[in-house]
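Asker: There's a structure below that I have some questions on.
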Amino acid sequence: QAFKHDFFDAIDQNQLSLADALKAMRKITGMTQVEYAQFTGVAPRIVIDIERGVGNPTLKSLQKIAQPFGLTLGFKRISST
């Protein structure tokens, strides 16, 4: 439960990459890559590739992956330095 709280804090602070967020979601659920893919209705290759940082998932796939955690996708402003 503490890990889930830390996960949402990191999400709120924009501290997680897509790959790291997906790994955290799987850790919270205790599922393997294949199990999480089946649970969310996407192909296992999608989960595997995202976690490796080489995936090019569709918006629909990303929405399916995020949905169990009540997350949605959106734009984030890149701060200029």
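All residue names refer to the structure tokens as shown: chains lettered A, B, ... in order, residues numbered from 1 in each chain, ligands numbered from 1 in order.
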Set the distance at 9 Å and use only C-alpha atoms: which residues neighbour Ala24 (chain A) once local chain neighbours fewer than 6 positions away are removed? I'd like the list as a list in words.

Answerer: Phe3, Lys4 and Phe7 of chain A

Asker: Give me the residues near Phe8 (chain A) as a ChimeraX atom specification, where near means some atom within 12 Å (using only C-alpha atoms) and where sequence neighbours in that chain fewer than 4 positions away do not count.

Answerer: /A:1-4,12-16,21,24-25,28,69-71

Asker: Given only C-alpha atoms as the basis, pick out the residue of A:Leu73, A:Ile65, A:Ser79, A:Ala19 nearest to Tyr36 (chain A).

Answerer: A:Ile65

Asker: Give me, as a list in words, all polymer residues having an atom no more than 10 Å from Leu22 (chain A), counting only C-alpha atoms and skipping those fewer than 4 positions away in the same chain.

Answerer: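 Skipping anything fewer than 4 positions along the chain leaves Leu16, Ser17, Leu18, Arg26, Lys27, Ile28, Gln33, Tyr36, Val47, Ile48, Ile50, Glu51, Leu62, Ile65 and Ala66 of chain A.
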
Asker: Rounded to one decimal in Å, what is the spacing between CA of Lys64 (chain A) and CA of Val42 (chain A)?

Answerer: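 Interatomic distance here is 7.3 Å.
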
Asker: Just to confirm, what's the straight-line distance from CA of Asp49 (chain A) to CA of Gln63 (chain A) in Å (one decimal)?

Answerer: 15.9 Å

Asker: With only C-alpha atoms as the atoms that count, which of A:Ile78, A:Ala10, A:Met31, A:Leu59 lies nearest to Ile46 (chain A)?

Answerer: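 The shortest atom-to-atom distance to Ile46 (chain A) comes from A:Leu59.
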